[in-house]
file work_9.cif (mmCIF, C-alpha atoms and all ligand atoms)
data_query
#
loop_
_atom_site.label_atom_id
_atom_site.label_comp_id
_atom_site.auth_asym_id
_atom_site.auth_seq_id
_atom_site.Cartn_x
_atom_site.Cartn_y
_atom_site.Cartn_z
CA MET A 13 -19.49 21.04 -25.24
CA PHE A 14 -19.29 19.69 -21.68
CA VAL A 15 -16.93 17.23 -19.99
CA SER A 16 -19.64 14.52 -19.96
CA ASP A 17 -22.03 13.40 -22.67
CA CYS A 18 -25.01 13.36 -20.31
CA LEU A 19 -24.86 17.16 -19.86
CA GLY A 20 -26.56 19.82 -21.95
CA VAL A 21 -28.35 23.17 -21.87
CA ASN A 22 -32.13 23.58 -22.30
CA SER A 23 -34.21 26.41 -23.77
CA LEU A 24 -34.22 28.22 -20.41
CA GLY A 25 -30.43 28.32 -20.50
CA HIS A 26 -30.28 25.84 -17.62
CA LEU A 27 -27.79 23.02 -17.35
CA THR A 28 -29.35 19.60 -17.91
CA ILE A 29 -28.19 16.14 -16.90
CA GLY A 30 -29.76 13.07 -18.46
CA GLY A 31 -32.24 15.48 -20.07
CA ARG A 32 -33.41 16.89 -16.72
CA ASP A 33 -33.23 20.56 -15.70
CA THR A 34 -30.67 20.83 -12.88
CA VAL A 35 -32.25 23.98 -11.45
CA GLU A 36 -35.53 22.10 -11.10
CA LEU A 37 -33.73 19.16 -9.48
CA ALA A 38 -32.12 21.56 -7.01
CA GLN A 39 -35.54 23.03 -6.18
CA THR A 40 -37.16 19.62 -5.77
CA TYR A 41 -34.47 17.88 -3.73
CA GLY A 42 -32.61 20.80 -2.17
CA THR A 43 -28.86 21.46 -2.23
CA PRO A 44 -26.18 20.32 -1.87
CA LEU A 45 -27.23 17.47 -4.12
CA TYR A 46 -25.43 14.74 -6.00
CA VAL A 47 -27.09 13.80 -9.28
CA MET A 48 -26.08 10.71 -11.25
CA ASP A 49 -27.23 9.62 -14.69
CA GLU A 50 -27.71 5.85 -14.73
CA ASN A 51 -27.76 5.75 -18.53
CA GLU A 52 -24.26 7.26 -18.61
CA ILE A 53 -23.01 4.63 -16.12
CA ARG A 54 -24.52 1.86 -18.23
CA ARG A 55 -23.01 3.26 -21.43
CA ALA A 56 -19.54 3.15 -19.85
CA CYS A 57 -20.07 -0.44 -18.65
CA GLU A 58 -21.18 -1.41 -22.12
CA SER A 59 -18.25 0.13 -23.95
CA TYR A 60 -15.77 -1.59 -21.64
CA ARG A 61 -17.58 -4.92 -22.13
CA GLU A 62 -17.67 -4.48 -25.89
CA SER A 63 -13.98 -3.61 -26.06
CA ILE A 64 -13.11 -6.92 -24.39
CA ASN A 65 -15.41 -8.80 -26.75
CA LYS A 66 -13.90 -7.08 -29.75
CA TYR A 67 -10.19 -7.28 -28.93
CA TYR A 68 -9.88 -10.21 -26.55
CA SER A 69 -12.62 -12.58 -27.78
CA GLY A 70 -14.65 -11.88 -24.66
CA ARG A 71 -12.11 -13.74 -22.49
CA GLY A 72 -12.21 -11.14 -19.79
CA LEU A 73 -14.26 -9.44 -17.12
CA VAL A 74 -14.91 -5.77 -16.51
CA THR A 75 -14.96 -5.28 -12.76
CA TYR A 76 -16.34 -2.06 -11.32
CA ALA A 77 -14.12 -0.67 -8.56
CA SER A 78 -16.97 0.15 -6.20
CA LYS A 79 -14.89 2.47 -4.00
CA ALA A 80 -15.39 5.13 -6.69
CA PHE A 81 -19.07 5.28 -5.77
CA CYS A 82 -20.55 2.56 -3.62
CA CYS A 83 -24.22 2.31 -2.75
CA LYS A 84 -26.84 -0.38 -3.31
CA ALA A 85 -28.20 1.18 -6.50
CA VAL A 86 -24.81 1.39 -8.20
CA CYS A 87 -23.87 -2.17 -7.16
CA LYS A 88 -27.17 -3.32 -8.67
CA VAL A 89 -26.43 -1.51 -11.93
CA ALA A 90 -22.98 -3.15 -12.10
CA MET A 91 -24.59 -6.53 -11.41
CA GLU A 92 -27.22 -6.05 -14.13
CA GLU A 93 -24.50 -4.98 -16.55
CA GLN A 94 -22.75 -8.33 -15.92
CA LEU A 95 -19.72 -6.62 -14.41
CA GLY A 96 -17.56 -7.91 -11.59
CA LEU A 97 -17.21 -5.84 -8.41
CA ASP A 98 -14.13 -4.72 -6.49
CA VAL A 99 -14.55 -4.24 -2.77
CA VAL A 100 -11.88 -3.09 -0.32
CA SER A 101 -13.66 -3.35 3.01
CA ILE A 102 -16.36 -5.24 4.84
CA GLY A 103 -18.66 -2.26 4.32
CA GLU A 104 -18.34 -2.44 0.55
CA LEU A 105 -18.70 -6.23 0.68
CA TYR A 106 -21.83 -5.87 2.81
CA THR A 107 -23.30 -3.41 0.30
CA ALA A 108 -22.61 -5.89 -2.52
CA GLN A 109 -24.16 -8.74 -0.52
CA SER A 110 -27.22 -6.64 0.24
CA VAL A 111 -28.12 -6.58 -3.46
CA GLY A 112 -27.21 -10.24 -3.93
CA PHE A 113 -24.11 -9.55 -5.98
CA PRO A 114 -22.75 -12.92 -7.21
CA ALA A 115 -19.81 -13.86 -5.00
CA GLU A 116 -17.82 -15.39 -7.85
CA ARG A 117 -17.62 -12.00 -9.57
CA ILE A 118 -16.35 -10.17 -6.46
CA PHE A 119 -12.69 -9.18 -5.97
CA PHE A 120 -11.65 -8.30 -2.41
CA HIS A 121 -8.71 -5.88 -2.34
CA GLY A 122 -6.86 -4.05 0.42
CA ASN A 123 -3.43 -4.02 2.03
CA ASN A 124 -4.61 -4.83 5.54
CA LYS A 125 -7.78 -6.88 5.54
CA THR A 126 -8.91 -7.72 9.05
CA VAL A 127 -9.75 -11.17 10.37
CA GLN A 128 -13.41 -10.17 10.31
CA GLU A 129 -13.12 -9.09 6.67
CA LEU A 130 -11.32 -12.23 5.55
CA GLN A 131 -13.83 -14.39 7.40
CA ALA A 132 -16.75 -12.57 5.79
CA ALA A 133 -15.12 -12.99 2.36
CA ILE A 134 -14.61 -16.73 2.90
CA GLU A 135 -18.15 -17.18 4.17
CA TYR A 136 -19.71 -15.33 1.24
CA GLY A 137 -17.49 -17.31 -1.13
CA VAL A 138 -15.82 -14.27 -2.69
CA GLY A 139 -14.40 -15.50 -5.99
CA GLN A 140 -11.11 -13.61 -5.80
CA ILE A 141 -9.43 -12.45 -2.62
CA VAL A 142 -6.51 -10.33 -3.76
CA VAL A 143 -3.79 -11.13 -1.25
CA ASP A 144 -1.43 -8.24 -0.56
CA ASN A 145 1.29 -9.67 1.69
CA LEU A 146 2.62 -12.77 3.43
CA THR A 147 0.97 -12.03 6.77
CA GLU A 148 -2.37 -11.96 5.01
CA LEU A 149 -1.61 -15.10 3.00
CA GLU A 150 -0.87 -17.07 6.16
CA LEU A 151 -3.87 -15.66 8.01
CA LEU A 152 -6.23 -16.37 5.13
CA ASN A 153 -4.94 -19.92 4.77
CA GLN A 154 -5.48 -20.57 8.47
CA LEU A 155 -9.00 -19.14 8.44
CA ALA A 156 -9.98 -21.06 5.30
CA VAL A 157 -8.58 -24.34 6.63
CA SER A 158 -10.41 -23.90 9.92
CA GLN A 159 -13.68 -23.34 8.02
CA GLY A 160 -12.98 -26.30 5.74
CA LYS A 161 -12.92 -23.98 2.74
CA MET A 162 -10.54 -23.20 -0.11
CA ALA A 163 -10.13 -19.47 -0.78
CA LYS A 164 -9.49 -18.48 -4.40
CA ILE A 165 -6.81 -15.84 -4.50
CA LEU A 166 -4.78 -13.51 -6.68
CA PHE A 167 -1.57 -11.83 -5.63
CA ARG A 168 -1.23 -8.09 -5.79
CA ILE A 169 2.06 -7.34 -7.52
CA LYS A 170 4.02 -4.09 -7.70
CA PRO A 171 5.14 -4.15 -11.31
CA GLY A 172 7.44 -1.14 -10.75
CA ILE A 173 5.69 1.19 -13.18
CA ASP A 174 5.70 4.96 -12.90
CA ALA A 175 2.38 6.01 -14.35
CA HIS A 176 3.17 9.76 -14.57
CA THR A 177 0.41 10.78 -12.27
CA HIS A 178 -0.03 12.42 -8.89
CA ASP A 179 2.16 10.91 -6.15
CA PHE A 180 -0.80 10.13 -3.91
CA VAL A 181 -2.52 8.13 -6.62
CA ARG A 182 0.52 6.23 -7.85
CA THR A 183 0.72 2.70 -6.57
CA GLY A 184 2.73 0.55 -8.99
CA GLN A 185 6.24 1.58 -7.90
CA ILE A 186 8.38 -0.20 -5.36
CA ASP A 187 7.85 2.39 -2.61
CA SER A 188 4.18 1.56 -2.19
CA LYS A 189 2.22 0.12 0.69
CA PHE A 190 0.42 -2.17 -1.78
CA GLY A 191 1.50 -5.59 -2.92
CA PHE A 192 4.43 -7.93 -3.37
CA ALA A 193 7.63 -6.69 -4.99
CA LEU A 194 9.02 -8.50 -8.01
CA GLU A 195 12.61 -7.21 -7.82
CA THR A 196 13.31 -8.65 -4.39
CA GLY A 197 11.96 -12.12 -5.15
CA GLU A 198 9.19 -11.56 -2.60
CA ALA A 199 6.44 -12.32 -5.12
CA MET A 200 8.01 -15.61 -6.29
CA GLN A 201 8.53 -16.63 -2.67
CA ALA A 202 4.84 -16.02 -1.97
CA VAL A 203 3.83 -18.16 -4.97
CA LYS A 204 5.87 -21.04 -3.60
CA GLU A 205 4.37 -20.67 -0.14
CA ALA A 206 0.83 -20.56 -1.52
CA ALA A 207 1.49 -23.71 -3.57
CA GLY A 208 2.05 -25.63 -0.35
CA MET A 209 -1.06 -24.34 1.41
CA LYS A 210 -4.30 -26.30 1.77
CA GLY A 211 -6.66 -23.34 2.26
CA VAL A 212 -5.81 -21.21 -0.77
CA HIS A 213 -5.89 -21.69 -4.51
CA LEU A 214 -3.81 -19.22 -6.51
CA LEU A 215 -5.70 -18.25 -9.68
CA GLY A 216 -3.47 -15.51 -10.98
CA MET A 217 -1.91 -12.11 -10.55
CA HIS A 218 -3.15 -8.58 -10.10
CA CYS A 219 -1.65 -5.12 -10.43
CA HIS A 220 -3.03 -1.61 -10.29
CA ILE A 221 -0.60 1.08 -11.33
CA GLY A 222 -2.40 4.26 -10.34
CA SER A 223 -5.34 6.46 -11.15
CA GLN A 224 -6.42 9.18 -13.59
CA ILE A 225 -3.84 7.92 -16.11
CA PHE A 226 -4.07 9.30 -19.64
CA ASP A 227 -1.32 7.31 -21.39
CA ILE A 228 -1.67 3.74 -22.60
CA GLU A 229 2.07 2.98 -22.37
CA PRO A 230 2.17 2.41 -18.61
CA PHE A 231 -0.66 -0.14 -18.94
CA GLU A 232 1.15 -1.91 -21.79
CA HIS A 233 4.34 -1.94 -19.81
CA ALA A 234 2.56 -3.34 -16.75
CA ALA A 235 0.95 -6.07 -18.88
CA GLU A 236 4.38 -7.09 -20.23
CA VAL A 237 5.92 -7.21 -16.77
CA MET A 238 3.02 -9.26 -15.42
CA ILE A 239 3.01 -11.81 -18.26
CA SER A 240 6.73 -12.16 -17.94
CA PHE A 241 6.34 -12.85 -14.21
CA MET A 242 3.56 -15.39 -14.84
CA ALA A 243 5.83 -17.14 -17.35
CA ASP A 244 8.64 -17.11 -14.77
CA VAL A 245 6.26 -18.70 -12.26
CA LYS A 246 5.48 -21.46 -14.73
CA ALA A 247 9.16 -22.03 -15.50
CA GLU A 248 10.15 -22.12 -11.85
CA THR A 249 7.21 -23.92 -10.24
CA GLY A 250 5.26 -25.53 -13.08
CA LEU A 251 2.18 -23.57 -12.00
CA GLU A 252 0.22 -22.21 -14.97
CA LEU A 253 -1.75 -19.19 -13.76
CA GLU A 254 -4.89 -18.42 -15.71
CA MET A 255 -6.01 -14.98 -14.59
CA LEU A 256 -4.40 -11.59 -15.08
CA ASP A 257 -6.08 -8.62 -13.43
CA LEU A 258 -4.65 -5.39 -14.79
CA GLY A 259 -6.43 -3.02 -12.41
CA GLY A 260 -8.07 0.29 -13.21
CA GLY A 261 -6.90 3.86 -13.37
CA PHE A 262 -8.25 5.10 -16.70
CA GLY A 263 -8.33 8.89 -16.78
CA ILE A 264 -11.49 10.91 -17.32
CA LYS A 265 -12.24 14.40 -18.52
CA TYR A 266 -12.48 16.79 -15.58
CA LEU A 267 -11.54 19.91 -17.55
CA PRO A 268 -12.40 20.76 -21.15
CA GLU A 269 -8.73 20.45 -22.14
CA HIS A 270 -8.42 16.88 -20.83
CA ASP A 271 -8.29 14.29 -23.56
CA PRO A 272 -8.77 10.77 -22.22
CA VAL A 273 -8.10 7.76 -24.41
CA ALA A 274 -11.18 5.86 -25.63
CA TYR A 275 -11.69 2.57 -23.70
CA ASP A 276 -11.61 0.86 -27.02
CA GLN A 277 -8.05 1.96 -27.78
CA TYR A 278 -6.85 0.95 -24.36
CA MET A 279 -8.22 -2.57 -24.76
CA GLN A 280 -6.96 -2.88 -28.31
CA ARG A 281 -3.38 -2.07 -27.39
CA VAL A 282 -3.29 -3.93 -24.09
CA SER A 283 -4.79 -7.05 -25.72
CA GLU A 284 -2.11 -6.95 -28.41
CA THR A 285 0.59 -6.53 -25.78
CA VAL A 286 -0.71 -9.46 -23.74
CA LYS A 287 -0.96 -11.73 -26.79
CA LYS A 288 2.52 -10.77 -27.98
CA ALA A 289 4.11 -11.20 -24.56
CA CYS A 290 2.44 -14.60 -24.18
CA ALA A 291 3.59 -15.73 -27.61
CA ALA A 292 7.16 -14.66 -26.84
CA ARG A 293 7.19 -16.87 -23.74
CA SER A 294 4.97 -19.69 -25.09
CA PHE A 295 2.54 -18.92 -22.31
CA LYS A 296 -1.20 -19.53 -22.65
CA THR A 297 -3.08 -16.20 -22.88
CA PRO A 298 -4.81 -15.65 -19.54
CA PHE A 299 -8.35 -14.55 -18.72
CA ILE A 300 -8.13 -10.78 -18.30
CA VAL A 301 -9.76 -8.55 -15.71
CA ILE A 302 -9.84 -4.76 -15.84
CA GLU A 303 -11.13 -2.68 -12.94
CA PRO A 304 -12.38 0.75 -13.92
CA GLY A 305 -13.86 2.84 -11.11
CA ARG A 306 -13.56 6.54 -11.85
CA SER A 307 -14.27 6.15 -15.56
CA ILE A 308 -17.55 4.35 -14.87
CA ALA A 309 -18.97 6.57 -12.13
CA GLY A 310 -17.14 9.89 -12.60
CA PRO A 311 -18.57 11.32 -15.81
CA ALA A 312 -22.11 10.29 -14.78
CA GLY A 313 -22.30 12.60 -11.76
CA ILE A 314 -22.53 16.27 -10.89
CA THR A 315 -22.98 18.15 -7.62
CA LEU A 316 -25.38 21.06 -7.24
CA TYR A 317 -24.89 23.79 -4.65
CA THR A 318 -26.58 27.08 -3.75
CA VAL A 319 -24.45 30.20 -3.62
CA GLY A 320 -24.42 32.06 -0.31
CA ALA A 321 -21.98 34.83 0.53
CA ILE A 322 -19.75 36.28 -2.17
CA LYS A 323 -16.60 38.02 -0.96
CA GLU A 324 -14.73 40.21 -3.42
CA ILE A 325 -11.30 41.04 -2.06
CA PRO A 326 -9.92 43.77 -4.33
CA ASN A 327 -6.71 42.79 -6.14
CA VAL A 328 -6.73 39.44 -4.36
CA ARG A 329 -9.61 37.19 -5.37
CA THR A 330 -13.32 36.59 -5.19
CA TYR A 331 -14.59 33.89 -2.86
CA VAL A 332 -17.93 32.37 -3.80
CA SER A 333 -19.23 30.37 -0.86
CA ILE A 334 -21.48 27.39 -1.39
CA ASP A 335 -23.63 25.29 0.95
CA GLY A 336 -21.32 22.26 0.64
CA GLY A 337 -17.57 21.83 0.24
CA MET A 338 -14.88 19.45 1.45
CA GLY A 339 -17.45 17.40 3.35
CA ASP A 340 -19.04 16.26 0.09
CA ASN A 341 -16.00 16.74 -2.18
CA PRO A 342 -12.62 16.59 -0.41
CA ARG A 343 -10.62 16.11 -3.60
CA TYR A 344 -9.31 19.65 -4.00
CA ALA A 345 -8.34 19.76 -0.34
CA LEU A 346 -6.61 16.37 -0.69
CA TYR A 347 -4.97 16.50 -4.11
CA LYS A 348 -5.72 19.90 -5.63
CA SER A 349 -7.89 18.05 -8.13
CA GLU A 350 -9.42 20.41 -10.63
CA TYR A 351 -13.05 20.52 -11.68
CA GLU A 352 -15.16 22.43 -14.13
CA ALA A 353 -17.94 24.47 -12.52
CA LEU A 354 -20.69 26.61 -13.93
CA VAL A 355 -23.74 28.53 -12.85
CA ALA A 356 -26.49 26.02 -13.64
CA ASN A 357 -29.17 28.69 -14.08
CA LYS A 358 -26.91 30.69 -16.44
CA ALA A 359 -25.39 27.79 -18.36
CA SER A 360 -25.74 29.43 -21.77
CA GLN A 361 -23.95 32.60 -20.66
CA PRO A 362 -20.21 33.04 -21.17
CA LYS A 363 -17.84 32.59 -18.25
CA THR A 364 -16.67 36.14 -17.77
CA HIS A 365 -15.42 35.93 -14.18
CA THR A 366 -12.67 34.15 -12.29
CA VAL A 367 -13.55 32.96 -8.82
CA THR A 368 -12.52 30.69 -5.98
CA ILE A 369 -15.32 28.40 -4.86
CA ALA A 370 -15.21 27.91 -1.10
CA GLY A 371 -17.02 25.42 1.08
CA LYS A 372 -18.60 26.13 4.45
CA CYS A 373 -16.23 24.16 6.69
CA CYS A 374 -13.91 25.75 9.23
CA GLU A 375 -10.82 25.18 7.09
CA SER A 376 -9.15 27.68 4.78
CA GLY A 377 -8.31 24.73 2.56
CA ASP A 378 -11.98 23.90 2.13
CA LEU A 379 -12.15 24.83 -1.54
CA ILE A 380 -13.68 23.22 -4.60
CA GLY A 381 -11.26 25.09 -6.82
CA GLU A 382 -9.26 28.28 -7.26
CA ASN A 383 -9.20 30.68 -10.20
CA MET A 384 -12.10 28.95 -11.86
CA PRO A 385 -13.78 30.57 -14.84
CA LEU A 386 -17.45 31.17 -14.02
CA GLN A 387 -20.49 33.11 -15.22
CA ASP A 388 -21.44 36.32 -13.43
CA VAL A 389 -22.56 34.74 -10.17
CA ARG A 390 -25.05 36.07 -7.61
CA VAL A 391 -26.35 35.02 -4.20
CA GLY A 392 -28.97 32.27 -4.65
CA ASP A 393 -27.58 30.99 -7.97
CA ILE A 394 -27.10 27.25 -8.39
CA ILE A 395 -23.54 26.12 -9.02
CA ALA A 396 -22.91 22.80 -10.73
CA VAL A 397 -19.57 21.06 -10.32
CA LEU A 398 -19.10 18.52 -13.10
CA ALA A 399 -17.77 14.96 -13.26
CA THR A 400 -18.16 14.42 -9.51
CA GLY A 401 -19.61 10.91 -9.83
CA ALA A 402 -16.46 9.21 -8.54
CA TYR A 403 -14.63 9.73 -5.25
CA ASN A 404 -17.02 12.41 -4.00
CA TYR A 405 -19.97 10.73 -2.29
CA SER A 406 -17.68 7.80 -1.47
CA MET A 407 -15.15 10.10 0.21
CA ALA A 408 -17.69 12.34 1.94
CA SER A 409 -17.44 13.01 5.66
CA ASN A 410 -19.48 14.62 8.40
CA TYR A 411 -16.79 17.14 9.30
CA ASN A 412 -18.34 20.03 11.21
CA ARG A 413 -21.35 17.71 11.65
CA ILE A 414 -22.71 18.67 8.27
CA PRO A 415 -25.22 16.06 7.05
CA LYS A 416 -24.21 14.30 3.81
CA PRO A 417 -26.20 15.24 0.70
CA PRO A 418 -28.56 12.79 -0.97
CA VAL A 419 -27.92 11.09 -4.30
CA VAL A 420 -30.55 11.36 -6.99
CA MET A 421 -30.28 8.85 -9.83
CA LEU A 422 -31.78 9.55 -13.24
CA LYS A 423 -32.84 6.76 -15.54
CA ASP A 424 -34.22 7.73 -18.93
CA GLY A 425 -34.93 11.11 -17.36
CA GLU A 426 -36.87 9.66 -14.39
CA ALA A 427 -35.45 10.76 -11.04
CA ARG A 428 -35.31 8.66 -7.88
CA VAL A 429 -33.47 9.11 -4.60
CA VAL A 430 -30.93 6.27 -4.18
CA VAL A 431 -29.28 7.68 -1.05
CA LYS A 432 -31.37 9.78 1.34
CA ARG A 433 -30.20 13.11 2.70
CA GLU A 434 -28.78 12.64 6.17
CA THR A 435 -30.88 14.11 8.92
CA LEU A 436 -29.80 15.85 12.11
CA GLU A 437 -30.98 12.73 13.93
CA ASP A 438 -28.49 10.74 11.78
CA ILE A 439 -25.75 13.10 12.94
CA VAL A 440 -26.21 12.20 16.62
CA ARG A 441 -27.31 8.60 15.94
CA ASN A 442 -24.28 6.95 17.52
CA ASP A 443 -23.68 9.46 20.30
CA MET A 444 -24.03 8.24 23.89
CA LEU A 445 -24.25 10.25 27.06
C1 LIG B 1 -8.91 2.26 -6.93
C2 LIG B 1 -8.70 0.98 -7.60
C3 LIG B 1 -9.24 0.74 -8.87
C4 LIG B 1 -10.00 1.78 -9.63
O1 LIG B 1 -9.24 2.88 -9.99
P1 LIG B 1 -9.87 4.03 -10.89
O2 LIG B 1 -8.79 5.02 -11.02
O3 LIG B 1 -11.05 4.56 -10.18
O4 LIG B 1 -10.25 3.39 -12.20
C5 LIG B 1 -9.06 -0.50 -9.43
N1 LIG B 1 -8.36 -1.47 -8.79
C6 LIG B 1 -7.84 -1.28 -7.57
C7 LIG B 1 -7.11 -2.36 -6.90
C8 LIG B 1 -7.98 -0.05 -6.94
O5 LIG B 1 -7.44 0.13 -5.73
#

call {"tool": "encode", "arguments": {"input": "work_9.cif", "output": "structure tokens", "more": "lines below"}}
Ligand SMILES: *Cc1c(COP(=O)(O)O)cnc(C)c1O
result
Amino acid sequence: MFVSDCLGVNSLGHLTIGGRDTVELAQTYGTPLYVMDENEIRRACESYRESINKYYSGRGLVTYASKAFCCKAVCKVAMEEQLGLDVVSIGELYTAQSVGFPAERIFFHGNNKTVQELQAAIEYGVGQIVVDNLTELELLNQLAVSQGKMAKILFRIKPGIDAHTHDFVRTGQIDSKFGFALETGEAMQAVKEAAGMKGVHLLGMHCHIGSQIFDIEPFEHAAEVMISFMADVKAETGLELEMLDLGGGFGIKYLPEHDPVAYDQYMQRVSETVKKACAARSFKTPFIVIEPGRSIAGPAGITLYTVGAIKEIPNVRTYVSIDGGMGDNPRYALYKSEYEALVANKASQPKTHTVTIAGKCCESGDLIGENMPLQDVRVGDIIAVLATGAYNYSMASNYNRIPKPPVVMLKDGEARVVVKRETLEDIVRNDML
């Protein structure tokens, strides 16, 4: 009935998440409020893990792309679920370290890692630093040599795949700020340079072709291109790379009409493609890494807001203003990303109205969505926006000095605060006179 399995409606006609009444949660913790269901996160981790066991004899690692939703509690869940962890900054690395996340299962991404970040990664012993460019390769080698260490690395490759998704979230094509190009020989050149370096050990290759992708074909195509390149590397340098990281990007259901592919099917087809491509080139099948972010955190979260002013502009539209907005969910403002919303305290009623949900920031573009079907909404109602678990809290800002909402995590129906609501004191914390 809803976009996520953890959602339902109770006998009061209220929306539930993880079995808990959302109206009650809003009363207890206040709004705006992020709510996450830990059981839903764990179910996603488990199905990814199982799909690798089933179709690739367990010779792979599911790595949670923490940028989708990074806080201590979620890193701990990923750790307990035996996942790896992607980090893209020293802040994400620090969060991982703060829960004791095993360094060997960490992947450090990013197209412009700073000296401080590379040093921190070397010191913690990050198992895979995903090197993006030659400048970084040389810098990392120098830093590792000077610390007497050997950094284990992957190369980020642009496989040249168009994943049929939004331009801003498409990263596999040649015109991308991420990675080494294959066509120009840049990637092969980098392999040869790395082979002569004392501070780095090249484990394998990585690609990430985009986000919110619904088709399997682009992933299969990317896997073929990558295996072919790894076989070329072997032919040209004798180096037999053992790890292939195929990135993330698996689409989730934001709207009822979305129809994402089951993780199982993705792994089945990509495993077949990898095995076939390896057989064709007599190349040993590599250890595989996949890096889901959105599909692990997204469906597990919702955001709850209280309705304030409602502005009906005859023959134009109806603005329903909420107590949050682009500060806690900038995705409509950034990409026109669509969400399903409903009135949490009228969840069993039909959606008879069409509204635009507006945030409270001083920006006309501060919207959660336009022309959204919604129940008959009144001042004081609680609005739930669904599937906000990924790229909402992690992209939140303090624009207009609005404190960030807290995150409540549910486990087997038990609620706990995993990120506190910001206070006004937090807002001026770093100000100096
Ligand atoms: C963002 C990102 C991911 C996760 O993408 P999702 O669309 O959230 O699954 C994985 N790998 C890399 C390198 C990324 O940048």

call {"tool": "residues_near_ligand", "arguments": {"input": "work_9.cif", "ligand": "ligand LIG 1 (chain B)", "cutoff": "6 Å", "atoms": "all atoms listed in the file", "output": "list in words"}}
result
Ala77, Ala80, His121, His220, Ser223, Gln224, Gly259, Gly260, Gly261, Phe262, Glu303, Pro304, Gly305, Arg306 and Ser307 of chain A

call {"tool": "residues_around", "arguments": {"input": "work_9.cif", "residues": "Val397 in chain A", "least_positions_apart": "5", "cutoff": "8 Å", "atoms": "all atoms listed in the file", "output": "PyMOL selection string"}}
result
chain A and resi 314-316+351-354

call {"tool": "atom_distance", "arguments": {"input": "work_9.cif", "atom1": "CA of Asp438 in chain A", "atom2": "CA of Asn341 in chain A"}}
result
19.7 Å

call {"tool": "closest_residue", "arguments": {"input": "work_9.cif", "among": "A:Met279, A:His270, A:Glu62, A:Ala359", "to": "Ser23 in chain A", "atoms": "all atoms listed in the file"}}
result
A:Ala359

call {"tool": "residues_around", "arguments": {"input": "work_9.cif", "residues": "range 107-120 of chain A", "least_positions_apart": "6", "cutoff": "7 Å", "atoms": "only C-alpha atoms", "output": "PDB file with C-alpha atoms, in the coordinates of the input"}}
result
ATOM      1  CA  CYS A  83     -24.220   2.310  -2.750  1.00  0.00           C
ATOM      2  CA  LYS A  84     -26.840  -0.380  -3.310  1.00  0.00           C
ATOM      3  CA  CYS A  87     -23.870  -2.170  -7.160  1.00  0.00           C
ATOM      4  CA  LYS A  88     -27.170  -3.320  -8.670  1.00  0.00           C
ATOM      5  CA  MET A  91     -24.590  -6.530 -11.410  1.00  0.00           C
ATOM      6  CA  GLY A  96     -17.560  -7.910 -11.590  1.00  0.00           C
ATOM      7  CA  LEU A  97     -17.210  -5.840  -8.410  1.00  0.00           C
ATOM      8  CA  ASP A  98     -14.130  -4.720  -6.490  1.00  0.00           C
ATOM      9  CA  VAL A  99     -14.550  -4.240  -2.770  1.00  0.00           C
ATOM     10  CA  VAL A 100     -11.880  -3.090  -0.320  1.00  0.00           C
ATOM     11  CA  TYR A 136     -19.710 -15.330   1.240  1.00  0.00           C
ATOM     12  CA  GLY A 137     -17.490 -17.310  -1.130  1.00  0.00           C
ATOM     13  CA  VAL A 138     -15.820 -14.270  -2.690  1.00  0.00           C
ATOM     14  CA  GLY A 139     -14.400 -15.500  -5.990  1.00  0.00           C
ATOM     15  CA  GLN A 140     -11.110 -13.610  -5.800  1.00  0.00           C
ATOM     16  CA  ILE A 141      -9.430 -12.450  -2.620  1.00  0.00           C
ATOM     17  CA  VAL A 142      -6.510 -10.330  -3.760  1.00  0.00           C
TER      18      VAL A 142
END

call {"tool": "closest_residue", "arguments": {"input": "work_9.cif", "among": "A:Val319, A:Val21, A:Ala90, A:Val203", "to": "Leu73 in chain A", "atoms": "only C-alpha atoms"}}
result
A:Ala90

call {"tool": "closest_residue", "arguments": {"input": "work_9.cif", "among": "A:Val328, A:Thr75, A:Ala356, A:Glu236", "to": "Gly20 in chain A", "atoms": "all atoms listed in the file"}}
result
A:Ala356

call {"tool": "closest_residue", "arguments": {"input": "work_9.cif", "among": "A:Asp388, A:Glu205, A:Asp257, A:Glu375", "to": "Pro362 in chain A", "atoms": "all atoms listed in the file"}}
result
A:Asp388

call {"tool": "residues_around", "arguments": {"input": "work_9.cif", "residues": "Met255 in chain A", "least_positions_apart": "3", "cutoff": "7 Å", "atoms": "only C-alpha atoms", "output": "VMD selection string"}}
result
chain A and resid 215 to 217 298 to 300

call {"tool": "write_last_selection", "arguments": {"input": "work_9.cif", "atoms": "C-alpha atoms", "output": "PDB file, keeping the file's coordinate frame"}}
result
ATOM      1  CA  LEU A 215      -5.700 -18.250  -9.680  1.00  0.00           C
ATOM      2  CA  GLY A 216      -3.470 -15.510 -10.980  1.00  0.00           C
ATOM      3  CA  MET A 217      -1.910 -12.110 -10.550  1.00  0.00           C
ATOM      4  CA  PRO A 298      -4.810 -15.650 -19.540  1.00  0.00           C
ATOM      5  CA  PHE A 299      -8.350 -14.550 -18.720  1.00  0.00           C
ATOM      6  CA  ILE A 300      -8.130 -10.780 -18.300  1.00  0.00           C
TER       7      ILE A 300
END

call {"tool": "atom_distance", "arguments": {"input": "work_9.cif", "atom1": "CA of Gln387 in chain A", "atom2": "CA of Tyr403 in chain A"}}
result
26.1 Å
